[in-house]
$ cat my_file-v3.txt   # compact mmCIF, C-alpha atoms
# COMPACT_ATOMS: atom_id res chain seq x y z
CA MET A 1 0.00 0.00 0.00
CA ASP A 2 1.41 3.41 -0.95
CA ASN A 3 1.76 6.23 1.54
CA VAL A 4 -1.00 8.41 0.06
CA THR A 5 -3.58 5.62 0.28
CA TYR A 6 -2.41 4.74 3.78
CA GLY A 7 -2.52 8.36 4.98
CA LEU A 8 -5.96 9.02 3.53
CA THR A 9 -7.39 5.74 4.81
CA MET A 10 -6.02 6.32 8.29
CA THR A 11 -7.38 9.87 8.40
CA VAL A 12 -10.86 8.99 7.14
CA LEU A 13 -11.28 5.66 8.95
CA GLY A 14 -9.42 6.76 12.06
CA MET A 15 -11.33 9.98 12.57
CA GLY A 16 -14.59 8.43 11.42
CA GLY A 17 -14.12 5.37 13.63
CA THR A 18 -13.31 7.52 16.68
CA LEU A 19 -16.28 9.81 16.09
CA VAL A 20 -18.74 6.96 15.52
CA SER A 21 -17.44 5.01 18.57
CA LEU A 22 -17.82 8.02 20.83
CA TRP A 23 -21.24 8.82 19.37
CA ILE A 24 -22.39 5.27 20.16
CA ILE A 25 -20.98 5.63 23.70
CA SER A 26 -22.81 8.95 24.13
CA LEU A 27 -26.06 7.27 23.03
CA ALA A 28 -25.42 4.47 25.51
CA MET A 29 -24.82 7.09 28.21
CA ASN A 30 -28.22 8.63 27.45
CA VAL A 31 -29.87 5.21 27.65
CA LEU A 32 -28.13 4.53 30.98
CA LYS A 33 -29.39 7.85 32.35
CA LYS A 34 -32.92 6.98 31.23
CA PHE A 35 -32.85 3.52 32.81
CA PHE A 36 -31.21 4.62 36.02
CA PRO A 37 -32.36 8.17 36.68
CA TYR A 38 -30.96 10.14 39.57
CA ARG A 39 -34.45 10.63 41.09
CA THR A 40 -35.14 6.90 41.39
CA GLU A 41 -31.94 6.42 43.31
CA GLU A 42 -32.85 9.20 45.73
CA LYS A 43 -36.26 7.61 46.33
CA GLY A 44 -34.55 4.28 46.90
CA LYS A 45 -32.31 5.80 49.54
CA LYS A 46 -35.30 7.34 51.30
CA GLY A 47 -37.04 3.96 51.25
CA GLU A 48 -34.04 2.26 52.83
CA GLY A 49 -34.06 4.90 55.53
CA ASN A 50 -37.71 4.26 56.30
CA VAL A 51 -37.18 0.53 56.54
CA GLY A 52 -34.33 1.11 58.94
CA SER A 53 -36.37 3.40 61.16
CA HIS A 54 -39.05 0.84 61.76
CA MET B 1 55.19 4.98 42.83
CA TRP B 2 54.68 8.10 40.70
CA GLU B 3 53.58 5.90 37.87
CA ALA B 4 50.93 4.30 40.06
CA ILE B 5 49.66 7.72 41.16
CA GLU B 6 49.55 8.83 37.52
CA ILE B 7 47.51 5.75 36.56
CA GLY B 8 45.21 6.30 39.53
CA LEU B 9 44.67 9.94 38.56
CA SER B 10 43.92 8.98 34.97
CA GLY B 11 41.25 6.64 36.36
CA LEU B 12 39.66 9.54 38.20
CA ALA B 13 39.73 11.72 35.08
CA VAL B 14 38.20 9.12 32.76
CA GLY B 15 34.68 10.44 33.27
CA ALA B 16 35.60 14.03 32.41
CA ARG B 17 37.66 12.83 29.43
CA ASN B 18 34.64 11.01 27.98
CA LEU B 19 32.24 13.92 28.36
CA ALA B 20 31.10 14.68 24.83
CA LEU B 21 29.19 17.70 23.51
CA PRO B 22 25.92 15.78 22.83
CA ASN B 23 25.91 14.59 26.46
CA MET B 24 26.46 18.12 27.72
CA ILE B 25 23.62 19.42 25.55
CA MET B 26 21.29 16.71 26.81
CA MET B 27 22.26 17.41 30.41
CA GLY B 28 21.25 21.01 29.66
CA VAL B 29 17.92 19.74 28.32
CA GLY B 30 17.53 17.69 31.50
CA PHE B 31 18.15 20.79 33.62
CA LEU B 32 15.66 22.73 31.49
CA LEU B 33 13.00 20.07 32.17
CA LEU B 34 13.80 20.24 35.88
CA TYR B 35 13.48 24.04 35.76
CA LEU B 36 10.13 23.85 33.93
CA GLY B 37 8.84 21.27 36.39
CA ILE B 38 10.07 22.90 39.61
CA LYS B 39 10.05 26.63 38.89
CA LYS B 40 7.21 26.88 36.37
CA GLY B 41 5.12 24.02 37.76
CA PHE B 42 4.64 22.39 34.33
CA GLU B 43 3.76 18.71 34.97
CA PRO B 44 6.37 18.39 37.77
CA LEU B 45 5.41 14.78 38.51
CA LEU B 46 6.74 13.84 35.10
CA LEU B 47 9.24 16.49 34.15
CA VAL B 48 11.26 16.11 37.36
CA PRO B 49 11.99 12.37 36.97
CA ILE B 50 12.40 12.74 33.18
CA GLY B 51 14.82 15.64 33.64
CA PHE B 52 16.83 13.84 36.30
CA GLY B 53 16.88 10.66 34.24
CA ALA B 54 18.21 12.59 31.24
CA PHE B 55 20.89 14.16 33.45
CA LEU B 56 22.00 10.83 34.92
CA VAL B 57 22.11 8.88 31.68
CA ASN B 58 24.27 11.51 30.00
CA LEU B 59 26.98 11.34 32.63
CA PRO B 60 29.80 9.52 30.83
CA LEU B 61 30.36 5.82 31.58
CA SER B 62 27.36 5.71 33.94
CA GLY B 63 26.34 2.34 32.52
CA LEU B 64 22.74 3.00 33.51
CA MET B 65 21.39 1.93 30.12
CA GLU B 66 23.78 -0.97 29.61
CA GLU B 67 22.53 -4.54 29.82
CA GLU B 68 22.71 -4.78 33.63
CA GLY B 69 22.11 -1.07 34.31
CA ILE B 70 19.16 -0.12 36.48
CA PHE B 71 17.50 2.03 33.80
CA ARG B 72 17.83 -0.77 31.23
CA ILE B 73 16.21 -3.18 33.68
CA LEU B 74 13.37 -0.70 34.31
CA PHE B 75 13.01 -0.12 30.56
CA ASN B 76 12.78 -3.83 29.79
CA THR B 77 10.40 -4.37 32.71
CA GLY B 78 7.93 -1.60 32.03
CA ILE B 79 8.39 0.18 28.72
CA GLY B 80 9.56 -2.55 26.37
CA ASN B 81 6.43 -4.58 27.16
CA GLU B 82 4.03 -1.59 27.65
CA LEU B 83 3.40 -2.46 31.33
CA PHE B 84 4.04 1.00 32.83
CA PRO B 85 1.62 2.99 30.62
CA LEU B 86 -1.10 0.43 31.28
CA LEU B 87 -0.57 0.59 35.05
CA ILE B 88 -0.70 4.39 34.87
CA PHE B 89 -4.04 4.07 33.10
CA ILE B 90 -5.50 2.22 36.09
CA GLY B 91 -4.45 5.19 38.23
CA ILE B 92 -5.88 7.72 35.76
CA GLY B 93 -9.18 5.83 35.70
CA ALA B 94 -9.30 5.80 39.51
CA MET B 95 -8.59 9.55 39.63
CA THR B 96 -11.14 10.57 37.00
CA ASP B 97 -14.70 11.59 37.76
CA PHE B 98 -16.76 11.16 34.60
CA GLY B 99 -19.72 12.86 36.29
CA PRO B 100 -19.50 16.18 34.36
CA LEU B 101 -19.34 14.21 31.10
CA LEU B 102 -22.29 12.00 32.03
CA GLU B 103 -24.35 15.12 32.81
CA ASN B 104 -24.14 16.07 29.15
CA PRO B 105 -23.19 13.02 27.06
CA LYS B 106 -23.12 14.83 23.71
CA ILE B 107 -20.05 16.71 24.93
CA LEU B 108 -18.21 13.42 24.41
CA LEU B 109 -18.19 14.26 20.71
CA LEU B 110 -15.85 17.17 21.48
CA GLY B 111 -13.46 14.52 22.77
CA ALA B 112 -13.58 12.93 19.31
CA ALA B 113 -12.99 16.22 17.47
CA GLY B 114 -10.00 16.86 19.74
CA GLN B 115 -8.26 13.82 18.23
CA PHE B 116 -8.25 15.15 14.67
CA GLY B 117 -4.62 16.23 15.08
CA ILE B 118 -3.54 12.60 15.51
CA PHE B 119 -4.61 11.58 12.03
CA MET B 120 -3.62 14.81 10.28
CA THR B 121 -0.17 14.61 11.84
CA LEU B 122 0.14 10.97 10.82
CA ALA B 123 -0.45 12.06 7.21
CA LEU B 124 2.04 14.92 7.61
CA ALA B 125 4.69 12.59 9.02
CA LEU B 126 4.37 10.43 5.92
CA VAL B 127 5.06 13.54 3.80
CA PHE B 128 8.24 14.09 5.84
CA GLY B 129 9.44 10.62 4.86
CA PHE B 130 8.68 8.64 8.00
CA SER B 131 7.57 5.02 7.60
CA LYS B 132 3.92 4.04 8.12
CA LEU B 133 4.43 2.77 11.67
CA GLU B 134 6.70 5.67 12.60
CA ALA B 135 4.02 8.07 11.31
CA ALA B 136 1.42 6.37 13.52
CA ALA B 137 3.70 6.77 16.54
CA ILE B 138 4.33 10.46 15.76
CA GLY B 139 0.65 11.13 15.12
CA ILE B 140 -0.23 9.80 18.56
CA ILE B 141 1.50 12.83 20.13
CA GLY B 142 -1.75 14.53 19.12
CA ALA B 143 -3.57 12.40 21.69
CA CYS B 144 -1.94 14.75 24.21
CA ASP B 145 -1.72 11.72 26.41
CA GLY B 146 1.66 10.48 27.60
CA PRO B 147 0.83 6.86 28.47
CA THR B 148 -1.05 6.36 25.17
CA ALA B 149 1.87 7.83 23.23
CA ILE B 150 4.32 5.53 25.02
CA TYR B 151 2.08 2.50 24.51
CA VAL B 152 1.71 3.02 20.75
CA THR B 153 5.32 4.08 20.16
CA SER B 154 6.88 1.22 22.11
CA LYS B 155 4.74 -1.12 20.03
CA TYR B 156 5.41 0.32 16.58
CA ALA B 157 8.49 2.53 16.65
CA PRO B 158 10.52 1.90 19.84
CA HIS B 159 13.49 3.76 18.37
CA LEU B 160 11.39 6.96 18.44
CA LEU B 161 10.22 6.45 22.01
CA ALA B 162 12.39 9.15 23.57
CA ALA B 163 11.45 11.87 21.10
CA VAL B 164 7.73 11.00 21.00
CA SER B 165 7.26 10.64 24.74
CA VAL B 166 9.24 13.76 25.62
CA ALA B 167 7.31 15.70 22.96
CA ALA B 168 3.99 14.35 24.27
CA TYR B 169 4.72 15.24 27.90
CA SER B 170 6.29 18.59 27.02
CA TYR B 171 3.31 19.70 24.97
CA MET B 172 0.90 18.42 27.62
CA SER B 173 2.65 20.65 30.12
CA LEU B 174 2.67 23.57 27.68
CA VAL B 175 -1.09 23.43 27.03
CA PRO B 176 -1.64 26.62 29.10
CA ILE B 177 0.71 28.43 26.72
CA ILE B 178 -0.26 26.79 23.40
CA GLN B 179 -4.06 26.85 23.62
CA PRO B 180 -5.05 30.42 24.62
CA PRO B 181 -3.89 32.17 21.40
CA ILE B 182 -5.68 29.55 19.27
CA ILE B 183 -8.88 29.92 21.32
CA ARG B 184 -8.76 33.71 21.01
CA LEU B 185 -8.06 33.55 17.29
CA LEU B 186 -10.83 31.11 16.37
CA THR B 187 -13.72 32.45 18.45
CA THR B 188 -15.62 35.72 18.10
CA ARG B 189 -16.26 38.01 21.05
CA LYS B 190 -19.94 37.04 20.91
CA GLU B 191 -19.02 33.37 21.22
CA LYS B 192 -16.53 33.97 24.02
CA ILE B 193 -19.17 35.51 26.29
CA ILE B 194 -21.78 32.75 25.86
CA LYS B 195 -22.83 31.65 29.34
CA MET B 196 -23.57 27.99 29.96
CA GLY B 197 -25.94 26.91 32.72
CA ALA B 198 -24.68 25.46 35.97
CA VAL B 199 -23.97 21.72 35.99
CA ARG B 200 -26.26 20.05 38.52
CA PRO B 201 -25.61 16.52 39.74
CA THR B 202 -28.22 14.43 37.94
CA VAL B 203 -26.30 11.20 37.37
CA SER B 204 -27.15 8.16 39.44
CA LYS B 205 -24.52 5.97 41.04
CA ARG B 206 -25.61 3.02 38.90
CA THR B 207 -25.03 5.04 35.73
CA LYS B 208 -21.54 5.98 36.92
CA LEU B 209 -20.84 2.34 37.80
CA LEU B 210 -22.06 0.96 34.47
CA PHE B 211 -20.34 3.64 32.37
CA PRO B 212 -16.84 2.05 32.39
CA ILE B 213 -18.33 -1.33 31.49
CA ILE B 214 -20.27 0.16 28.57
CA VAL B 215 -17.18 2.04 27.32
CA THR B 216 -15.06 -1.13 27.52
CA LEU B 217 -17.71 -3.18 25.77
CA ILE B 218 -18.29 -0.74 22.89
CA GLY B 219 -14.61 0.21 22.59
CA GLY B 220 -13.55 -3.41 22.75
CA LEU B 221 -15.98 -4.48 20.05
CA VAL B 222 -15.11 -1.59 17.70
CA ALA B 223 -11.35 -1.67 18.28
CA PRO B 224 -10.23 -4.92 19.94
CA ARG B 225 -6.54 -4.05 19.69
CA GLY B 226 -7.15 -1.19 22.09
CA ILE B 227 -8.70 -3.31 24.83
CA PRO B 228 -5.56 -3.10 27.05
CA LEU B 229 -5.76 0.71 26.93
CA ILE B 230 -9.53 1.05 27.27
CA GLY B 231 -9.81 -1.82 29.73
CA MET B 232 -7.22 -0.46 32.17
CA ILE B 233 -8.62 3.08 32.35
CA CYS B 234 -12.12 1.67 32.76
CA LEU B 235 -10.94 -0.83 35.38
CA GLY B 236 -9.50 2.02 37.45
CA ASN B 237 -12.74 4.00 37.13
CA PHE B 238 -14.88 0.96 37.95
CA ILE B 239 -12.85 0.32 41.12
CA LYS B 240 -13.43 3.94 42.12
CA GLU B 241 -17.16 3.93 41.39
CA ALA B 242 -17.79 0.49 42.92
CA GLY B 243 -17.31 2.10 46.31
CA VAL B 244 -16.60 -1.22 48.06
CA VAL B 245 -12.89 -1.50 47.34
CA SER B 246 -11.67 1.86 48.55
CA ARG B 247 -8.26 0.40 49.41
CA LEU B 248 -7.76 -0.69 45.81
CA ALA B 249 -9.04 2.65 44.52
CA LYS B 250 -6.67 4.57 46.81
CA ALA B 251 -3.76 2.28 45.92
CA SER B 252 -4.47 2.76 42.21
CA GLU B 253 -4.60 6.54 42.34
CA ASN B 254 -1.78 6.94 44.87
CA GLU B 255 0.79 4.19 45.40
CA ILE B 256 0.57 2.45 42.01
CA ALA B 257 0.28 5.67 39.98
CA ASN B 258 3.07 7.39 41.94
CA ILE B 259 5.56 4.52 41.84
CA VAL B 260 4.96 3.83 38.16
CA THR B 261 5.13 7.56 37.32
CA LEU B 262 8.56 7.75 38.97
CA PHE B 263 9.88 4.69 37.12
CA LEU B 264 8.26 5.75 33.84
CA GLY B 265 9.67 9.27 34.05
CA LEU B 266 13.19 8.08 34.91
CA THR B 267 13.14 5.52 32.12
CA ILE B 268 11.90 8.01 29.54
CA GLY B 269 14.63 10.40 30.66
CA ALA B 270 17.10 7.55 30.31
CA THR B 271 16.24 7.17 26.64
CA MET B 272 17.45 10.75 26.03
CA GLN B 273 21.09 9.88 25.47
CA GLY B 274 22.85 12.60 23.50
CA GLN B 275 24.26 10.35 20.79
CA THR B 276 20.84 8.93 19.86
CA PHE B 277 18.52 11.82 20.76
CA LEU B 278 20.24 14.73 19.04
CA ARG B 279 19.19 14.17 15.45
CA SER B 280 17.31 16.28 12.92
CA GLN B 281 14.56 13.63 13.11
CA THR B 282 13.91 14.57 16.75
CA LEU B 283 13.40 18.22 15.81
CA ILE B 284 10.94 17.21 13.07
CA ILE B 285 9.04 15.04 15.57
CA PHE B 286 8.84 17.97 18.02
CA GLY B 287 7.59 20.22 15.20
CA LEU B 288 4.96 17.69 14.12
CA GLY B 289 3.88 17.21 17.74
CA PHE B 290 3.31 20.94 18.07
CA VAL B 291 1.23 20.96 14.88
CA ALA B 292 -0.80 18.02 16.23
CA ILE B 293 -1.76 19.85 19.45
CA CYS B 294 -2.66 23.00 17.50
CA ILE B 295 -4.88 21.00 15.08
CA ASP B 296 -6.53 19.21 18.02
CA THR B 297 -7.39 22.53 19.65
CA ALA B 298 -8.62 24.10 16.42
CA ALA B 299 -10.73 21.04 15.50
CA GLY B 300 -12.27 20.97 18.97
CA ILE B 301 -13.24 24.65 18.73
CA MET B 302 -14.66 24.25 15.22
CA PHE B 303 -16.73 21.27 16.38
CA GLY B 304 -17.81 23.38 19.34
CA LYS B 305 -19.09 25.98 16.86
CA ILE B 306 -21.17 23.30 15.12
CA MET B 307 -22.58 22.23 18.49
CA LYS B 308 -23.30 25.86 19.32
CA VAL B 309 -25.43 26.15 16.18
CA LEU B 310 -27.19 22.82 16.82
CA SER B 311 -27.91 23.76 20.45
CA ARG B 312 -29.20 27.20 19.40
CA GLY B 313 -26.37 29.05 21.05
CA ARG B 314 -26.33 27.25 24.38
CA ILE B 315 -22.85 25.76 24.00
CA ASN B 316 -19.79 28.00 24.22
CA PRO B 317 -17.42 26.81 21.43
CA MET B 318 -14.41 27.50 23.64
CA ILE B 319 -15.10 24.30 25.61
CA GLY B 320 -14.23 22.42 22.41
CA ALA B 321 -10.59 23.28 23.06
CA ALA B 322 -10.78 21.11 26.18
CA GLY B 323 -11.64 18.04 24.09
CA ILE B 324 -8.06 16.79 24.45
CA SER B 325 -6.59 14.46 27.02
CA ALA B 326 -4.50 17.01 28.93
CA PHE B 327 -6.56 16.85 32.12
CA PRO B 328 -7.30 19.16 33.87
CA MET B 329 -5.00 21.83 32.38
CA SER B 330 -7.07 22.22 29.26
CA ALA B 331 -10.33 22.70 31.19
CA ARG B 332 -8.62 25.32 33.35
CA VAL B 333 -7.41 27.17 30.25
CA VAL B 334 -11.01 27.36 28.96
CA GLN B 335 -12.25 28.57 32.35
CA VAL B 336 -9.62 31.33 32.44
CA GLN B 337 -10.42 32.41 28.89
CA GLY B 338 -14.15 32.41 29.63
CA GLN B 339 -13.70 34.58 32.71
CA ARG B 340 -11.41 36.93 30.84
CA TYR B 341 -14.24 37.97 28.53
CA ASN B 342 -17.14 37.51 30.95
CA PRO B 343 -16.26 37.40 34.66
CA GLN B 344 -19.71 35.96 35.38
CA ASN B 345 -19.04 32.94 33.17
CA TYR B 346 -18.16 29.62 34.82
CA LEU B 347 -17.24 27.16 32.09
CA LEU B 348 -15.06 24.93 34.26
CA MET B 349 -17.43 22.01 34.81
CA HIS B 350 -18.53 21.98 31.15
CA ALA B 351 -14.89 22.09 30.08
CA MET B 352 -14.10 19.29 32.56
CA GLY B 353 -16.79 17.23 30.81
CA ALA B 354 -15.15 17.86 27.44
CA ASN B 355 -11.73 17.17 28.98
CA THR B 356 -12.74 13.77 30.36
CA GLY B 357 -14.34 13.16 26.95
CA GLY B 358 -10.90 13.91 25.51
CA GLN B 359 -9.40 11.24 27.77
CA ILE B 360 -11.85 8.65 26.47
CA GLY B 361 -11.42 10.05 22.94
CA SER B 362 -7.63 9.78 22.95
CA VAL B 363 -7.71 6.17 24.15
CA MET B 364 -10.42 5.33 21.63
CA ALA B 365 -8.51 7.04 18.80
CA ALA B 366 -5.40 5.03 19.67
CA ALA B 367 -7.46 1.83 19.84
CA VAL B 368 -9.06 2.59 16.45
CA MET B 369 -5.64 3.34 14.97
CA LEU B 370 -4.16 0.07 16.28
CA SER B 371 -7.07 -1.92 14.92
CA ILE B 372 -6.96 -0.27 11.47
CA ILE B 373 -3.21 -0.82 11.19
CA GLU B 374 -3.63 -4.47 12.08
CA GLY B 375 -6.61 -4.75 9.73
CA MET B 376 -4.50 -3.35 6.89
CA GLY B 377 -1.92 -6.05 7.55
CA ILE B 378 0.88 -3.52 8.14
CA ILE B 379 1.92 -5.35 11.32
$ encode --input "my_file-v3.txt" --output "structure tokens"
Amino acid sequence: MDNVTYGLTMTVLGMGGTLVSLWIISLAMNVLKKFFPYRTEEKGKKGEGNVGSH
Amino acid sequence: MWEAIEIGLSGLAVGARNLALPNMIMMGVGFLLLYLGIKKGFEPLLLVPIGFGAFLVNLPLSGLMEEEGIFRILFNTGIGNELFPLLIFIGIGAMTDFGPLLENPKILLLGAAGQFGIFMTLALALVFGFSKLEAAAIGIIGACDGPTAIYVTSKYAPHLLAAVSVAAYSYMSLVPIIQPPIIRLLTTRKEKIIKMGAVRPTVSKRTKLLFPIIVTLIGGLVAPRGIPLIGMICLGNFIKEAGVVSRLAKASENEIANIVTLFLGLTIGATMQGQTFLRSQTLIIFGLGFVAICIDTAAGIMFGKIMKVLSRGRINPMIGAAGISAFPMSARVVQVQGQRYNPQNYLLMHAMGANTGGQIGSVMAAAVMLSIIEGMGII
């Protein structure tokens, strides 16, 4: 493989691959936040507290 | 008797007699690194051991890098097989709070834009006549991430390790000097004063705990060759977020990270022997490294401008400059620039989000690069 092809391929695939990977991770982060919202956890903690107090 | 004294004296003078100009120059470079680390506070944890290592190894007949020398043993133990950078990654993972990034996941894309310099510099290095694998090692300076640069270079171009790693760490420490002019040049006054809302903690503990697993899974599937890099940083973060192994978390971010940093710094310094380091090639590598950091910063800001438009003006493009791995210097630079134009503006937490995105981005970019190179059959 010549240097021009290698350089172009690395730039396009490398940058594209990095961008797409991080985009997928950011989508997964949004899904995680939806499934495990902050509010639910707070409620859970309150519930544990109540159980303990009885 | 006199003859014996003469022979004895010649033995004492043998060190001075073997002191060559390249060694003296490199000792000067070592002292410069010590000065930058101690007096200027630029990455002292790294520059101090690197500087002292460079000083020691350039003392004539020290034997430190010979087969049984202590630096050679350290090199073979931790650099030659990529162990030290991977151990450092566990520490980095344990030190990093991905909370600000998880608050606003789309900021992660700034961490991708901040890696553009890697691939552009790789192409530039090819123009300068470097081989394909050497170009990959030089391009990785643009990750602005010392351990990643060492990992990739020791794998593909070990003969360039000294120049690449010193360039990577030097430019990391010079981020507060390199980035501000680029930020000022590429953003309008109107953009500079954009205020971003306060970051409120809205991320659950479960999300923080699952995040490193998700990153490892996705990163590992897309770029399997980068699993050691991604896996170690995520392992460190998982240990921290698990909350039940605080001793391991503390050991990772303190004892392990500190000991390995000392050995890594000394060993990198030890590769800076005058006879092998002082070549025109080294200067070209330093020049290309500088270009890489500048392109990273510019690409991050330009991507920030796109995100500003898409968010209807709610994102300050300056935080794009923090989409590199130099944590937390880059985020601090953005905060200072933001306050310079609008003292009421607090961009730090948003920039921290982009900065941690840059850490993930640099590791992912290296992993993608390794996988493409292997896929092409170059190694």
$ atom_distance --input "my_file-v3.txt" --atom1 "CA of Ala20 (chain B)" --atom2 "CA of Gly63 (chain B)"
15.3 Å
$ closest_atom_pairs --input "my_file-v3.txt" --of "chain A" --to "chain B" --cutoff "7 Å" --atoms "all atoms listed in the file" --output "CSV"
residue,atom,partner,partner_atom,distance
A:Asn3,CA,B:Leu126,CA,6.6
A:Gly7,CA,B:Ala123,CA,4.8
A:Met10,CA,B:Phe119,CA,6.6
A:Thr11,CA,B:Phe119,CA,4.9
A:Gly14,CA,B:Met369,CA,5.9
A:Met15,CA,B:Phe116,CA,6.4
A:Gly17,CA,B:Val368,CA,6.4
A:Thr18,CA,B:Ala365,CA,5.3
A:Leu19,CA,B:Ala112,CA,5.2
A:Ser21,CA,B:Gly219,CA,6.9
A:Leu22,CA,B:Leu109,CA,6.3
A:Trp23,CA,B:Leu109,CA,6.4
A:Ile25,CA,B:Val215,CA,6.4
A:Ser26,CA,B:Pro105,CA,5.0
A:Met29,CA,B:Pro105,CA,6.3
A:Asn30,CA,B:Pro105,CA,6.7
A:Leu32,CA,B:Thr207,CA,5.7
A:Lys33,CA,B:Thr207,CA,6.2
A:Phe36,CA,B:Thr207,CA,6.2
A:Pro37,CA,B:Ser204,CA,5.9
A:Tyr38,CA,B:Ser204,CA,4.3
A:Glu41,CA,B:Ser204,CA,6.4
$ closest_atom_pairs --input "my_file-v3.txt" --of "region 136-186 of chain B" --to "region 24-40 of chain B" --cutoff "10 Å" --atoms "all atoms listed in the file" --output "tab-separated table"
residue	atom	partner	partner_atom	distance
B:Val166	CA	B:Leu33	CA	9.8
B:Ser170	CA	B:Leu33	CA	8.6
B:Ser173	CA	B:Gly37	CA	8.8
B:Leu174	CA	B:Leu36	CA	9.7
$ atom_distance --input "my_file-v3.txt" --atom1 "CA of Ala249 (chain B)" --atom2 "CA of Met95 (chain B)"
8.5 Å
$ atom_distance --input "my_file-v3.txt" --atom1 "CA of Lys240 (chain B)" --atom2 "CA of Ala257 (chain B)"
14.0 Å
$ closest_residue --input "my_file-v3.txt" --among "B:Leu19, B:Ile150, B:Ile293, B:Leu266" --to "Leu83 (chain B)" --atoms "only C-alpha atoms"
B:Ile150
$ residues_around --input "my_file-v3.txt" --residues "region 278-285 of chain B" --least-positions-apart "4" --cutoff "8 Å" --atoms "all atoms listed in the file" --output "MDAnalysis selection string"
chainID B and resid 22 138 163:164 167 274 289
$ build_atoms --input "my_file-v3.txt" --residues "region 118-130 of chain B" --atoms "N, CA, C and O atoms" --output "mmCIF file, in the frame of the given file"
data_model
loop_
_atom_site.group_PDB
_atom_site.id
_atom_site.type_symbol
_atom_site.label_atom_id
_atom_site.label_comp_id
_atom_site.auth_asym_id
_atom_site.auth_seq_id
_atom_site.Cartn_x
_atom_site.Cartn_y
_atom_site.Cartn_z
ATOM 1 N N ILE B 118 -4.271 13.876 15.587
ATOM 2 C CA ILE B 118 -3.540 12.600 15.510
ATOM 3 C C ILE B 118 -3.433 12.157 14.049
ATOM 4 O O ILE B 118 -2.343 11.861 13.544
ATOM 5 N N PHE B 119 -4.572 12.160 13.377
ATOM 6 C CA PHE B 119 -4.610 11.580 12.030
ATOM 7 C C PHE B 119 -4.031 12.532 10.987
ATOM 8 O O PHE B 119 -3.403 12.096 10.025
ATOM 9 N N MET B 120 -4.223 13.838 11.202
ATOM 10 C CA MET B 120 -3.620 14.810 10.280
ATOM 11 C C MET B 120 -2.090 14.771 10.399
ATOM 12 O O MET B 120 -1.372 14.858 9.407
ATOM 13 N N THR B 121 -1.619 14.633 11.627
ATOM 14 C CA THR B 121 -0.170 14.610 11.840
ATOM 15 C C THR B 121 0.432 13.322 11.294
ATOM 16 O O THR B 121 1.560 13.327 10.769
ATOM 17 N N LEU B 122 -0.310 12.245 11.402
ATOM 18 C CA LEU B 122 0.140 10.970 10.820
ATOM 19 C C LEU B 122 0.380 11.167 9.310
ATOM 20 O O LEU B 122 1.433 10.784 8.782
ATOM 21 N N ALA B 123 -0.592 11.815 8.650
ATOM 22 C CA ALA B 123 -0.450 12.060 7.210
ATOM 23 C C ALA B 123 0.745 12.973 6.932
ATOM 24 O O ALA B 123 1.526 12.746 5.996
ATOM 25 N N LEU B 124 0.916 13.996 7.788
ATOM 26 C CA LEU B 124 2.040 14.920 7.610
ATOM 27 C C LEU B 124 3.390 14.214 7.784
ATOM 28 O O LEU B 124 4.341 14.474 7.052
ATOM 29 N N ALA B 125 3.446 13.318 8.768
ATOM 30 C CA ALA B 125 4.690 12.590 9.020
ATOM 31 C C ALA B 125 5.083 11.734 7.816
ATOM 32 O O ALA B 125 6.268 11.580 7.510
ATOM 33 N N LEU B 126 4.082 11.210 7.136
ATOM 34 C CA LEU B 126 4.370 10.430 5.920
ATOM 35 C C LEU B 126 5.008 11.333 4.866
ATOM 36 O O LEU B 126 5.943 10.940 4.166
ATOM 37 N N VAL B 127 4.497 12.566 4.767
ATOM 38 C CA VAL B 127 5.060 13.540 3.800
ATOM 39 C C VAL B 127 6.529 13.803 4.128
ATOM 40 O O VAL B 127 7.357 13.986 3.243
ATOM 41 N N PHE B 128 6.861 13.816 5.424
ATOM 42 C CA PHE B 128 8.240 14.090 5.840
ATOM 43 C C PHE B 128 9.143 12.852 5.709
ATOM 44 O O PHE B 128 10.290 12.872 6.139
ATOM 45 N N GLY B 129 8.614 11.775 5.169
ATOM 46 C CA GLY B 129 9.440 10.620 4.860
ATOM 47 C C GLY B 129 9.503 9.552 5.951
ATOM 48 O O GLY B 129 10.313 8.628 5.858
ATOM 49 N N PHE B 130 8.695 9.676 6.973
ATOM 50 C CA PHE B 130 8.680 8.640 8.000
ATOM 51 C C PHE B 130 7.932 7.397 7.479
ATOM 52 O O PHE B 130 7.061 7.522 6.612
#
